[in-house]
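Trainee: So that you have it, the file is input.txt, and it contains compact mmCIF, C-alpha atoms:
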# COMPACT_ATOMS: atom_id res chain seq x y z
CA MET F 1 -22.57 10.45 -1.41
CA ASP F 2 -20.81 13.79 -1.76
CA LYS F 3 -17.16 14.57 -0.94
CA GLN F 4 -17.93 15.67 2.59
CA GLN F 5 -19.88 12.49 3.27
CA ALA F 6 -17.02 10.47 1.79
CA LEU F 7 -14.61 12.06 4.25
CA GLN F 8 -17.00 11.25 7.11
CA SER F 9 -17.30 7.62 5.97
CA PHE F 10 -13.52 7.30 5.73
CA TRP F 11 -12.74 8.68 9.17
CA GLU F 12 -15.51 6.72 10.88
CA SER F 13 -14.29 3.45 9.35
CA PHE F 14 -11.79 2.96 12.19
CA SER F 15 -14.36 1.94 14.82
CA LEU F 16 -14.40 5.41 16.38
CA THR F 17 -17.04 8.11 16.30
CA ALA F 18 -15.72 10.75 13.90
CA TYR F 19 -16.67 14.40 14.28
CA ASP F 20 -16.16 17.31 11.93
CA GLU F 21 -13.74 19.31 14.07
CA THR F 22 -16.06 22.33 13.86
CA ALA F 23 -18.93 20.42 15.47
CA VAL F 24 -17.73 18.42 18.46
CA PRO F 25 -20.23 18.15 21.33
CA ASP F 26 -18.98 18.80 24.86
CA SER F 27 -20.10 15.33 25.81
CA ALA F 28 -18.10 13.62 23.04
CA MET F 29 -15.67 11.88 25.37
CA ALA F 30 -18.36 10.59 27.71
CA ASP F 31 -20.68 9.62 24.88
CA ASN F 32 -18.09 7.48 23.13
CA GLY F 33 -16.31 5.41 25.73
CA ASN F 34 -13.55 7.98 26.34
CA LYS F 35 -12.28 8.09 22.78
CA TYR F 36 -13.22 9.69 19.50
CA LEU F 37 -11.75 11.21 16.35
CA THR F 38 -12.04 14.68 14.86
CA TYR F 39 -11.12 15.69 11.32
CA ASN F 40 -11.03 18.79 9.18
CA VAL F 41 -13.17 19.15 6.08
CA ALA F 42 -11.55 20.65 3.00
CA THR F 43 -12.45 19.66 -0.55
CA ALA F 44 -11.22 20.35 -4.07
CA ALA F 45 -11.54 19.08 -7.65
CA LEU F 46 -8.94 17.36 -9.83
CA SER F 47 -5.79 19.31 -9.04
CA GLU F 48 -2.88 19.21 -6.61
CA PRO F 49 -3.23 17.13 -3.45
CA THR F 50 -4.97 18.83 -0.52
CA PRO F 51 -3.52 18.47 3.01
CA LEU F 52 -6.06 17.16 5.51
CA THR F 53 -5.75 16.47 9.22
CA ALA F 54 -7.44 14.44 11.91
CA SER F 55 -6.94 13.99 15.64
CA LEU F 56 -7.41 11.00 17.87
CA TRP F 57 -8.64 11.89 21.36
CA TYR F 58 -8.40 9.32 24.16
CA LYS F 59 -9.05 9.86 27.85
CA SER F 60 -6.31 7.72 29.36
CA SER F 61 -3.05 7.80 31.25
CA SER F 62 -1.47 5.50 28.68
CA TRP F 63 -0.33 6.11 25.11
CA ALA F 64 -0.67 2.43 24.21
CA ALA F 65 -4.25 2.27 22.93
CA ILE F 66 -4.21 5.57 21.03
CA THR F 67 -0.86 4.69 19.43
CA GLN F 68 -2.28 1.35 18.37
CA LYS F 69 -5.18 3.15 16.73
CA ALA F 70 -2.86 5.54 14.90
CA ASN F 71 -0.85 2.57 13.65
CA GLU F 72 -4.07 0.90 12.53
CA ILE F 73 -5.02 3.96 10.50
CA SER F 74 -1.52 4.13 9.03
CA ALA F 75 -1.68 0.48 8.00
CA ALA F 76 -5.16 0.91 6.53
CA ILE F 77 -3.96 3.76 4.31
CA GLY F 78 -0.77 1.86 3.53
CA ARG F 79 2.01 2.87 1.19
CA GLY F 80 -0.21 3.17 -1.89
CA GLY F 81 -3.04 5.07 -0.21
CA VAL F 82 -6.74 4.35 -0.29
CA TYR F 83 -9.58 5.28 -2.59
CA VAL F 84 -12.74 6.68 -1.00
CA PRO F 85 -15.46 6.93 -3.68
CA PHE F 86 -18.12 9.62 -3.88
CA ASP F 87 -20.67 10.45 -6.57
CA GLY F 88 -18.69 11.36 -9.67
CA GLY F 89 -15.22 10.44 -8.45
CA ALA F 90 -13.08 9.39 -5.55
CA ILE F 91 -10.70 10.77 -2.95
CA TRP F 92 -7.23 9.27 -3.09
CA ILE F 93 -5.84 9.54 0.44
CA VAL F 94 -2.16 8.92 1.18
CA ARG F 95 -0.17 9.35 4.39
CA GLY F 96 1.32 12.76 5.03
CA VAL F 97 4.76 13.53 6.41
CA PRO F 98 4.88 13.37 9.37
CA PHE F 99 1.90 11.05 9.59
CA ALA F 100 1.24 10.94 13.34
CA GLN F 101 2.38 13.31 16.08
CA ARG F 102 1.71 13.12 19.80
CA MET F 103 0.34 16.42 21.07
CA PRO F 104 0.49 17.80 24.62
CA ASP F 105 -2.68 18.67 26.51
CA ASP F 106 -3.21 20.72 29.64
CA ASP F 107 -5.31 17.84 30.96
CA ASP F 108 -2.85 15.06 31.69
CA THR F 109 -5.57 12.43 31.34
CA ILE F 110 -6.11 13.34 27.68
CA ARG F 111 -4.03 11.72 24.99
CA ARG F 112 -4.09 13.25 21.51
CA ILE F 113 -2.43 12.16 18.27
CA TYR F 114 -2.48 14.54 15.31
CA ILE F 115 -2.65 12.85 11.91
CA ASN F 116 -1.64 14.31 8.54
CA VAL F 117 -2.82 12.94 5.20
CA MET F 118 -2.78 14.22 1.61
CA ALA F 119 -6.01 13.92 -0.35
CA GLU F 120 -6.42 14.18 -4.10
CA PHE F 121 -10.02 14.71 -5.22
CA LEU F 122 -10.38 12.83 -8.51
CA SER F 123 -13.36 14.45 -10.14
CA ALA F 124 -14.07 17.19 -12.64
CA ASP F 125 -16.09 19.21 -10.12
CA MET B 1 -18.52 25.11 -16.82
CA GLY B 2 -17.48 25.05 -20.48
CA LYS B 3 -19.08 22.43 -22.67
CA TYR B 4 -15.75 20.72 -23.28
CA ALA B 5 -14.18 21.25 -19.87
CA ARG B 6 -14.80 17.63 -18.99
CA ILE B 7 -12.93 14.48 -18.16
CA PRO B 8 -14.18 10.92 -18.64
CA THR B 9 -16.47 10.04 -15.75
CA ASN B 10 -14.54 6.86 -15.02
CA THR B 11 -11.13 8.55 -14.92
CA TRP B 12 -10.64 7.79 -11.26
CA GLN B 13 -11.11 4.08 -11.92
CA ASN B 14 -8.36 3.94 -14.54
CA LEU B 15 -5.41 5.60 -12.87
CA VAL B 16 -1.95 4.09 -12.47
CA LEU B 17 -0.86 4.99 -8.97
CA GLY B 18 2.48 5.25 -7.25
CA ALA B 19 6.00 4.49 -8.47
CA GLY B 20 5.65 0.73 -8.68
CA PHE B 21 8.69 -1.51 -8.37
CA LEU B 22 10.95 -3.88 -10.30
CA THR B 23 10.92 -7.58 -9.62
CA ARG B 24 12.39 -10.76 -11.08
CA ASN B 25 9.18 -12.68 -10.67
CA PHE B 26 5.50 -11.82 -11.06
CA ASN B 27 2.48 -13.99 -11.76
CA PRO B 28 -0.20 -12.02 -13.65
CA ALA B 29 -2.71 -14.84 -13.10
CA THR B 30 -2.61 -14.31 -9.33
CA GLY B 31 -1.08 -10.86 -8.98
CA HIS B 32 1.57 -12.30 -6.68
CA ALA B 33 5.06 -10.76 -6.56
CA PRO B 34 7.27 -12.55 -3.99
CA ASP B 35 9.03 -10.17 -1.62
CA ALA B 36 12.29 -12.06 -2.09
CA ASP B 37 12.31 -11.30 -5.83
CA MET B 38 11.92 -7.53 -5.55
CA ILE B 39 14.99 -5.88 -7.03
CA GLY B 40 15.40 -2.76 -4.98
CA ALA B 41 13.96 0.47 -3.66
CA THR B 42 13.99 3.35 -6.14
CA THR B 43 13.75 7.10 -6.05
CA GLY B 44 12.09 9.43 -8.54
CA GLY B 45 9.85 6.79 -10.03
CA ILE B 46 10.47 4.33 -12.85
CA GLN B 47 10.14 5.02 -16.57
CA PHE B 48 9.19 2.50 -19.23
CA THR B 49 9.70 3.52 -22.87
CA ASP B 50 9.10 1.77 -26.15
CA ASN B 51 10.86 3.80 -28.85
CA VAL B 52 9.58 2.51 -32.14
CA THR B 53 11.58 3.22 -35.28
CA TYR B 54 9.64 3.30 -38.52
CA LYS B 55 10.75 3.10 -42.10
CA ASP B 56 8.97 5.00 -44.84
CA PHE B 57 9.32 2.82 -47.91
CA ALA B 58 8.01 5.62 -50.07
CA GLU B 59 10.64 8.01 -48.81
CA ASN B 60 12.54 8.22 -52.07
CA VAL B 61 9.64 7.58 -54.38
CA ASP B 62 8.95 10.48 -56.71
CA ASN B 63 5.65 12.22 -56.13
CA ALA B 64 4.89 10.16 -53.05
CA PRO B 65 3.92 12.24 -50.02
CA LYS B 66 5.67 11.52 -46.72
CA ASN B 67 3.99 9.27 -44.16
CA MET B 68 1.75 7.25 -46.41
CA LYS B 69 0.33 4.55 -44.17
CA GLU B 70 0.55 1.80 -46.81
CA PHE B 71 4.31 2.28 -47.02
CA LYS B 72 5.11 2.58 -43.34
CA ARG B 73 6.89 -0.37 -41.76
CA THR B 74 8.20 -0.97 -38.29
CA GLU B 75 11.98 -1.26 -38.14
CA THR B 76 12.54 -2.04 -34.50
CA HIS B 77 11.41 -1.41 -30.92
CA GLU B 78 13.96 -0.09 -28.46
CA VAL B 79 12.42 -0.93 -25.11
CA THR B 80 13.83 0.32 -21.83
CA ILE B 81 12.99 0.55 -18.16
CA SER B 82 15.04 3.22 -16.41
CA GLY B 83 15.28 4.70 -12.96
CA THR B 84 17.51 4.99 -9.93
CA PHE B 85 18.00 2.53 -7.10
CA ILE B 86 18.80 3.74 -3.59
CA ALA B 87 19.83 0.37 -2.21
CA LEU B 88 22.35 -2.23 -3.27
CA ASP B 89 22.65 -5.87 -2.37
CA PRO B 90 24.64 -8.86 -3.73
CA ASP B 91 21.73 -9.76 -6.04
CA THR B 92 21.18 -6.28 -7.46
CA LEU B 93 24.80 -5.32 -8.11
CA PRO B 94 25.43 -8.02 -10.75
CA LEU B 95 22.35 -6.77 -12.63
CA LEU B 96 23.76 -3.26 -12.69
CA ILE B 97 27.20 -4.44 -13.82
CA ALA B 98 25.33 -6.40 -16.54
CA SER B 99 27.82 -9.25 -16.62
CA ALA B 100 29.91 -10.13 -13.59
CA THR B 101 31.57 -13.07 -11.92
CA VAL B 102 30.59 -13.25 -8.26
CA SER B 103 32.72 -14.86 -5.57
CA GLY B 104 33.81 -14.18 -2.03
CA ASP B 105 33.74 -15.65 1.42
CA ALA B 106 32.38 -14.92 4.86
CA ASN B 107 34.25 -11.61 4.91
CA TYR B 108 33.10 -10.05 1.63
CA ASP B 109 31.38 -10.54 -1.71
CA LYS B 110 33.51 -9.95 -4.76
CA PHE B 111 32.16 -8.81 -8.11
CA VAL B 112 34.44 -8.88 -11.14
CA PRO B 113 33.01 -7.43 -14.36
CA ASN B 114 33.28 -9.75 -17.35
CA ASN B 115 34.75 -8.31 -20.47
CA ASP B 116 32.00 -9.84 -22.53
CA ILE B 117 28.40 -10.76 -21.98
CA ALA B 118 26.84 -14.21 -22.10
CA VAL B 119 23.34 -15.22 -23.08
CA ALA B 120 22.74 -16.13 -19.45
CA ASP B 121 23.27 -12.49 -18.43
CA PHE B 122 19.97 -11.55 -20.09
CA ARG B 123 17.06 -11.96 -17.69
CA ASP B 124 13.35 -11.22 -17.82
CA LEU B 125 12.31 -8.44 -15.45
CA TRP B 126 8.93 -7.13 -14.36
CA PHE B 127 7.77 -3.61 -13.59
CA VAL B 128 4.56 -3.65 -11.52
CA SER B 129 2.41 -0.74 -10.39
CA ASP B 130 -0.96 -0.25 -8.70
CA TYR B 131 -3.84 0.27 -11.12
CA SER B 132 -7.56 1.13 -10.86
CA ASP B 133 -9.63 2.27 -7.91
CA LYS B 134 -9.25 -1.09 -6.12
CA THR B 135 -5.66 -1.43 -4.88
CA GLY B 136 -6.09 -3.62 -1.80
CA ALA B 137 -3.50 -6.12 -0.57
CA ILE B 138 -5.46 -9.17 -1.77
CA ASN B 139 -7.45 -8.13 -4.85
CA GLY B 140 -5.66 -4.96 -5.93
CA GLY B 141 -5.39 -4.08 -9.60
CA PHE B 142 -2.06 -3.91 -11.38
CA LEU B 143 -0.30 -2.69 -14.48
CA ALA B 144 2.59 -5.08 -15.11
CA ILE B 145 5.20 -4.90 -17.84
CA LYS B 146 7.42 -7.88 -18.55
CA LEU B 147 10.70 -6.86 -20.14
CA LEU B 148 12.18 -9.78 -22.05
CA ASN B 149 15.87 -10.54 -22.03
CA ALA B 150 16.73 -7.44 -20.05
CA LEU B 151 20.27 -6.18 -19.66
CA ASN B 152 21.45 -3.00 -17.96
CA THR B 153 22.87 -1.06 -20.90
CA GLY B 154 23.37 2.15 -18.94
CA GLY B 155 26.55 0.96 -17.30
CA LEU B 156 27.28 0.90 -13.58
CA SER B 157 26.79 4.26 -11.88
CA ILE B 158 27.32 4.87 -8.16
CA LYS B 159 26.61 8.42 -7.05
CA THR B 160 27.00 9.62 -3.49
CA ALA B 161 26.48 13.01 -1.84
CA ASP B 162 27.09 14.53 1.55
CA GLU B 163 24.30 13.59 4.00
CA GLU B 164 22.32 11.91 1.21
CA LYS B 165 21.52 8.34 0.25
CA GLY B 166 23.63 6.82 -2.52
CA GLU B 167 22.01 6.54 -5.95
CA PHE B 168 22.52 3.87 -8.58
CA ALA B 169 21.03 4.69 -12.00
CA PHE B 170 19.91 1.92 -14.31
CA THR B 171 18.59 1.48 -17.85
CA PHE B 172 17.42 -2.04 -18.52
CA THR B 173 16.98 -2.66 -22.25
CA GLY B 174 14.83 -5.47 -23.60
CA HIS B 175 16.30 -7.64 -26.31
CA TYR B 176 15.01 -9.70 -29.17
CA SER B 177 16.10 -13.32 -29.44
CA ILE B 178 17.35 -15.12 -32.50
CA GLU B 179 14.90 -17.85 -31.56
CA ALA B 180 11.94 -15.42 -31.68
CA GLN B 181 12.91 -12.64 -34.02
CA ASP B 182 9.42 -11.25 -34.41
CA THR B 183 8.73 -11.12 -30.68
CA VAL B 184 8.93 -7.54 -29.43
CA PRO B 185 10.75 -7.75 -26.10
CA TYR B 186 7.94 -6.74 -23.78
CA GLU B 187 4.42 -7.68 -22.72
CA ILE B 188 1.92 -5.59 -20.76
CA TYR B 189 -0.65 -7.02 -18.38
CA MET B 190 -3.46 -4.89 -16.99
CA HIS B 191 -5.94 -5.98 -14.34
CA ALA B 192 -8.57 -3.82 -12.64
CA GLY B 193 -8.82 -4.66 -8.97
CA THR B 194 -11.88 -5.93 -7.15
CA ALA B 195 -13.19 -5.34 -3.65
CA GLU B 196 -11.22 -6.80 -0.76
CA PRO B 197 -12.80 -9.51 1.37
CA SER B 198 -13.93 -8.10 4.70
CA ALA B 199 -11.22 -8.50 7.32
CA PHE B 200 -11.92 -10.09 10.67
CA SER B 201 -11.27 -7.61 13.44
CA ILE B 202 -11.97 -7.03 17.11
CA THR B 203 -12.49 -3.84 19.04
CA SER B 204 -12.05 -3.13 22.72
CA THR B 205 -14.33 -0.87 24.74
CA ALA B 206 -14.02 0.14 28.37
CA VAL B 207 -16.59 -1.09 30.88
CA GLU B 208 -17.73 1.76 33.10
CA ASN B 209 -16.37 1.62 36.66
CA ASP B 210 -14.53 -1.63 35.99
CA ASP B 211 -10.77 -1.22 35.90
CA ASP B 212 -9.81 -4.78 34.99
CA THR B 213 -12.34 -5.68 32.33
CA THR B 214 -12.76 -4.75 28.71
CA LEU B 215 -15.63 -5.50 26.33
CA ILE B 216 -14.40 -7.20 23.16
CA THR B 217 -16.57 -7.12 20.05
CA ALA B 218 -15.81 -9.20 16.97
CA SER B 219 -16.63 -7.95 13.47
CA GLU B 220 -18.42 -11.16 12.53
CA ALA B 221 -19.74 -14.37 14.03
CA ALA B 222 -17.53 -17.44 14.34
CA GLY B 223 -19.58 -19.35 11.82
CA SER B 224 -20.99 -22.84 11.75
CA GLY B 225 -18.64 -25.46 13.23
CA ASN B 226 -16.34 -22.83 14.72
CA LYS B 227 -15.97 -21.06 18.03
CA PHE B 228 -14.14 -18.06 19.46
CA VAL B 229 -11.19 -18.41 21.81
CA ILE B 230 -9.60 -15.46 23.54
CA THR B 231 -6.44 -14.57 25.43
CA SER B 232 -5.08 -11.41 27.00
CA GLY B 233 -1.83 -10.28 28.58
CA THR B 234 0.97 -7.75 28.44
CA HIS B 235 2.08 -9.33 25.16
CA VAL B 236 0.10 -11.98 23.30
CA ARG B 237 0.72 -13.66 19.95
CA GLN B 238 -1.90 -13.56 17.24
CA PRO B 239 -2.31 -17.11 15.88
CA ASN B 240 -1.74 -17.76 12.20
CA VAL B 241 -4.40 -19.30 10.00
CA GLY B 242 -3.94 -23.05 10.01
CA GLU B 243 -2.26 -23.46 13.35
CA VAL B 244 -3.79 -25.27 16.33
CA VAL B 245 -4.80 -22.85 19.06
CA ALA B 246 -4.68 -24.55 22.42
CA GLY B 247 -3.09 -24.12 25.80
CA SER B 248 -3.96 -22.71 29.17
CA GLY B 249 -3.76 -19.13 27.96
CA TRP B 250 -6.75 -19.56 25.67
CA THR B 251 -10.33 -19.69 26.89
CA THR B 252 -13.51 -20.26 24.98
CA TRP B 253 -15.65 -17.27 24.32
CA ASP B 254 -19.39 -17.56 24.20
CA ASN B 255 -21.13 -17.86 20.87
CA SER B 256 -22.09 -14.22 20.58
CA THR B 257 -19.84 -11.67 18.92
CA SER B 258 -19.06 -9.75 22.08
CA GLY B 259 -18.01 -10.54 25.61
CA GLU B 260 -16.08 -9.15 28.51
CA THR B 261 -12.62 -10.38 29.36
CA TYR B 262 -10.07 -9.69 32.05
CA ALA B 263 -7.52 -7.12 30.96
CA LEU B 264 -5.61 -4.15 32.26
CA ASN B 265 -5.22 -0.92 30.33
CA GLY B 266 -2.67 -1.29 27.55
CA TRP B 267 -2.74 -5.09 27.57
CA GLU B 268 -3.05 -6.95 24.30
CA VAL B 269 -6.11 -9.06 23.52
CA ALA B 270 -6.20 -11.70 20.78
CA VAL B 271 -9.23 -13.55 19.50
CA ALA B 272 -9.09 -16.55 17.19
CA VAL B 273 -11.89 -18.29 15.34
CA VAL B 274 -11.10 -21.99 15.54
CA ASN B 275 -12.74 -25.19 14.40
CA GLN B 276 -14.68 -26.59 17.33
CA THR B 277 -13.23 -30.07 16.84
CA THR B 278 -9.68 -29.55 15.63
CA LEU B 279 -9.01 -26.12 17.20
CA VAL B 280 -7.34 -25.07 13.94
CA CYS B 281 -7.33 -21.31 13.50
CA VAL B 282 -9.59 -20.03 10.72
CA LYS B 283 -8.98 -16.35 11.31
CA SER B 284 -7.66 -14.16 14.09
CA ALA B 285 -7.25 -10.59 15.22
CA LYS B 286 -5.51 -8.65 17.95
CA THR B 287 -6.09 -5.31 19.64
CA ILE B 288 -5.00 -3.22 22.59
CA ALA B 289 -7.31 -3.36 25.59
CA VAL B 290 -9.14 -0.18 26.49
CA VAL B 291 -10.01 -0.30 30.17
CA TRP B 292 -11.84 2.20 32.31
CA GLU B 293 -9.66 4.33 34.57
CA ASP B 294 -10.70 6.39 37.55
CA THR B 295 -9.51 9.86 36.53
CA THR B 296 -11.39 11.74 39.18
CA THR B 297 -8.69 11.44 41.86
Rewrite the structure of this file - the entire thing - as structure tokens.
Mentor:
Amino acid sequence: MDKQQALQSFWESFSLTAYDETAVPDSAMADNGNKYLTYNVATAALSEPTPLTASLWYKSSSWAAITQKANEISAAIGRGGVYVPFDGGAIWIVRGVPFAQRMPDDDDTIRRIYINVMAEFLSAD
Amino acid sequence: MGKYARIPTNTWQNLVLGAGFLTRNFNPATGHAPDADMIGATTGGIQFTDNVTYKDFAENVDNAPKNMKEFKRTETHEVTISGTFIALDPDTLPLLIASATVSGDANYDKFVPNNDIAVADFRDLWFVSDYSDKTGAINGGFLAIKLLNALNTGGLSIKTADEEKGEFAFTFTGHYSIEAQDTVPYEIYMHAGTAEPSAFSITSTAVENDDDTTLITASEAAGSGNKFVITSGTHVRQPNVGEVVAGSGWTTWDNSTSGETYALNGWEVAVAVVNQTTLVCVKSAKTIAVVWEDTTT
């Protein structure tokens, strides 16, 4: 598994379909029960931490479910962060500051939470 | 890439991560550090140092070169754990004062420094930090240092600043004991973590065109001798392992790992795996119900 695949496996581990934010189909909401996650792909080698982001997208009039999911992701990362292995190393992901932000949307039936994490790619290459 | 521009391939499995914390009590056999024994939140990390002093017995011997290994002896180890707390409580302050008499009443706690120290003022302390690529809550790896007979030799320091948290610097020094004069006052324990057991969880999915039903899916089957029970409502309590789950709010789920249940959007849903006979909870999980909404009007 390469670094990009490791990021995909991490973001899809929260029981949501996870899309690279550059490749989201128009039918994503309908295809996935009115909720899905997008994330950005940026990689590095052993160096300073790299800021990464993700977004939760829920079609709903309520913030309850999407907030619960954001809290679930926060708890899964935890205070010490998580290791996501790939061939030749691992990504150490920790929560960013701020971690989760509610974002406005022109469509009032869309709820979006923007998530910030810091990722350190622990490999020589 | 240069031939020697390399790092060990298992580097990422051998890292010490995070600042760690100080505690009065840690069991290296189980990796358990009781919350009640944690000493305090810190800022800027924690530093452990073992300053070893050596004696060169050939120092004044004519014609003997310096640093001959056969003549080098260890004089002493000066072992310290230093850092800065950002929180104080009645248990931490006496440690920082090093030796104090504590009294008080319902209105205040009173700490009076003693002019001398007693043997009882020396206490073992632990510094524990995450270690290895497995740092989960149950099987996480650790690097733990036990400082023997620790005493804060840095004195009491209370530093405040405008619009900032107060800071309380410490330097705990380990001490030898007359009863164990060859025992260097620290021990290090290292344990690489292992994979966490899979956690029982449930997910909620909307049912198309049904605004009061959600489809709940469990991550695993109930198992032989067990069954699922489910409840939903505006607020529900997730049962603890070991407690009997009964009452009108709980209904039996079928034996598959998914099923629909009545819920409104934003409600909580809890599922417990219980023993079929005793109804004792084996595991449980809770989630927020996701229910279909008509957004076309």
Trainee: With all atoms listed in the file as the atoms that count, which of F:Pro51, F:Trp92, F:Asn32, F:Leu46 lies nearest to Phe10 in chain F?
Mentor: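 For Phe10 in chain F, the nearest of the candidates is F:Trp92.
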Trainee: Please determine the contact residues of chain F with respect to chain B at a cut-off of 9 Å, counting all atoms listed in the file, and supply them as a PDB file with C-alpha atoms, keeping the file's coordinate frame.
Mentor:
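Done, and the output landed in iface_30.pdb:
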ATOM      1  CA  SER F  15     -14.360   1.940  14.820  1.00  0.00           C
ATOM      2  CA  GLY F  33     -16.310   5.410  25.730  1.00  0.00           C
ATOM      3  CA  ASN F  34     -13.550   7.980  26.340  1.00  0.00           C
ATOM      4  CA  LYS F  59      -9.050   9.860  27.850  1.00  0.00           C
ATOM      5  CA  SER F  60      -6.310   7.720  29.360  1.00  0.00           C
ATOM      6  CA  SER F  61      -3.050   7.800  31.250  1.00  0.00           C
ATOM      7  CA  SER F  62      -1.470   5.500  28.680  1.00  0.00           C
ATOM      8  CA  TRP F  63      -0.330   6.110  25.110  1.00  0.00           C
ATOM      9  CA  ALA F  64      -0.670   2.430  24.210  1.00  0.00           C
ATOM     10  CA  ALA F  65      -4.250   2.270  22.930  1.00  0.00           C
ATOM     11  CA  ILE F  66      -4.210   5.570  21.030  1.00  0.00           C
ATOM     12  CA  GLN F  68      -2.280   1.350  18.370  1.00  0.00           C
ATOM     13  CA  LYS F  69      -5.180   3.150  16.730  1.00  0.00           C
ATOM     14  CA  ARG F  79       2.010   2.870   1.190  1.00  0.00           C
ATOM     15  CA  GLY F  80      -0.210   3.170  -1.890  1.00  0.00           C
ATOM     16  CA  GLY F  81      -3.040   5.070  -0.210  1.00  0.00           C
ATOM     17  CA  VAL F  82      -6.740   4.350  -0.290  1.00  0.00           C
ATOM     18  CA  TYR F  83      -9.580   5.280  -2.590  1.00  0.00           C
ATOM     19  CA  VAL F  84     -12.740   6.680  -1.000  1.00  0.00           C
ATOM     20  CA  PRO F  85     -15.460   6.930  -3.680  1.00  0.00           C
ATOM     21  CA  GLY F  88     -18.690  11.360  -9.670  1.00  0.00           C
ATOM     22  CA  GLY F  89     -15.220  10.440  -8.450  1.00  0.00           C
ATOM     23  CA  ALA F  90     -13.080   9.390  -5.550  1.00  0.00           C
ATOM     24  CA  ILE F  91     -10.700  10.770  -2.950  1.00  0.00           C
ATOM     25  CA  TRP F  92      -7.230   9.270  -3.090  1.00  0.00           C
ATOM     26  CA  THR F 109      -5.570  12.430  31.340  1.00  0.00           C
ATOM     27  CA  LEU F 122     -10.380  12.830  -8.510  1.00  0.00           C
ATOM     28  CA  SER F 123     -13.360  14.450 -10.140  1.00  0.00           C
ATOM     29  CA  ALA F 124     -14.070  17.190 -12.640  1.00  0.00           C
TER      30      ALA F 124
END
Trainee: If you measure from CA of His77 in chain B to CA of Pro28 in chain B, what distance in Å do you get, rounded to one decimal?
Mentor: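 Interatomic distance, CA of His77 in chain B to CA of Pro28 in chain B: 23.4 Å.
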Trainee: Set the distance at 12 Å and use all atoms listed in the file: which residues neighbour Ile115 in chain F once local chain neighbours fewer than 5 positions away are removed? I'd like the list as a PyMOL selection string.
Mentor: chain F and resi 11+37-40+51-57+66-67+69-71+73-74+77+94-103
Trainee: Can you write just those residues out, C-alpha atoms, as a PDB file, in the coordinates of the input?
Mentor:
ATOM      1  CA  TRP F  11     -12.740   8.680   9.170  1.00  0.00           C
ATOM      2  CA  LEU F  37     -11.750  11.210  16.350  1.00  0.00           C
ATOM      3  CA  THR F  38     -12.040  14.680  14.860  1.00  0.00           C
ATOM      4  CA  TYR F  39     -11.120  15.690  11.320  1.00  0.00           C
ATOM      5  CA  ASN F  40     -11.030  18.790   9.180  1.00  0.00           C
ATOM      6  CA  PRO F  51      -3.520  18.470   3.010  1.00  0.00           C
ATOM      7  CA  LEU F  52      -6.060  17.160   5.510  1.00  0.00           C
ATOM      8  CA  THR F  53      -5.750  16.470   9.220  1.00  0.00           C
ATOM      9  CA  ALA F  54      -7.440  14.440  11.910  1.00  0.00           C
ATOM     10  CA  SER F  55      -6.940  13.990  15.640  1.00  0.00           C
ATOM     11  CA  LEU F  56      -7.410  11.000  17.870  1.00  0.00           C
ATOM     12  CA  TRP F  57      -8.640  11.890  21.360  1.00  0.00           C
ATOM     13  CA  ILE F  66      -4.210   5.570  21.030  1.00  0.00           C
ATOM     14  CA  THR F  67      -0.860   4.690  19.430  1.00  0.00           C
ATOM     15  CA  LYS F  69      -5.180   3.150  16.730  1.00  0.00           C
ATOM     16  CA  ALA F  70      -2.860   5.540  14.900  1.00  0.00           C
ATOM     17  CA  ASN F  71      -0.850   2.570  13.650  1.00  0.00           C
ATOM     18  CA  ILE F  73      -5.020   3.960  10.500  1.00  0.00           C
ATOM     19  CA  SER F  74      -1.520   4.130   9.030  1.00  0.00           C
ATOM     20  CA  ILE F  77      -3.960   3.760   4.310  1.00  0.00           C
ATOM     21  CA  VAL F  94      -2.160   8.920   1.180  1.00  0.00           C
ATOM     22  CA  ARG F  95      -0.170   9.350   4.390  1.00  0.00           C
ATOM     23  CA  GLY F  96       1.320  12.760   5.030  1.00  0.00           C
ATOM     24  CA  VAL F  97       4.760  13.530   6.410  1.00  0.00           C
ATOM     25  CA  PRO F  98       4.880  13.370   9.370  1.00  0.00           C
ATOM     26  CA  PHE F  99       1.900  11.050   9.590  1.00  0.00           C
ATOM     27  CA  ALA F 100       1.240  10.940  13.340  1.00  0.00           C
ATOM     28  CA  GLN F 101       2.380  13.310  16.080  1.00  0.00           C
ATOM     29  CA  ARG F 102       1.710  13.120  19.800  1.00  0.00           C
ATOM     30  CA  MET F 103       0.340  16.420  21.070  1.00  0.00           C
TER      31      MET F 103
END
Trainee: What is the distance, in Å and to one decimal place, between CA of Pro239 in chain B and CA of Glu260 in chain B?
Mentor: 20.3 Å
Trainee: Given only C-alpha atoms as the basis, pick out the residue of B:Val245, B:Met190, B:Val184, B:Leu279 nearest to Ala29 in chain B.
Mentor: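 Closest to Ala29 in chain B, using only C-alpha atoms: B:Met190.
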Trainee: Under the rule of at most 8 Å, produce a per-residue listing of range 22-91 of chain F near range 1-4 of chain F: chain, number, name, the closest pair of atoms, and the distance in Å, as a Markdown table, using all atoms listed in the file.
Mentor:
| residue | atom | partner | partner_atom | distance |
| --- | --- | --- | --- | --- |
| F:Val41 | CA | F:Gln4 | CA | 6.9 |
| F:Thr43 | CA | F:Lys3 | CA | 6.9 |
| F:Phe86 | CA | F:Met1 | CA | 5.2 |
| F:Asp87 | CA | F:Met1 | CA | 5.5 |
| F:Ile91 | CA | F:Lys3 | CA | 7.8 |
Trainee: To one decimal place in Å, what is the distance between CA of Thr74 in chain B and CA of Pro185 in chain B?
Mentor: 14.2 Å
Trainee: How big is the axis-aligned box, and where does its centre sit, when it encloses all atoms of range 28-36 of chain F listed in the file and has 8 Å added on every side, reported in Å to one decimal as lines of an AutoDock Vina configuration file?
Mentor:
center_x = -16.5
center_y = 9.5
center_z = 23.6
size_x = 24.4
size_y = 24.2
size_z = 24.2
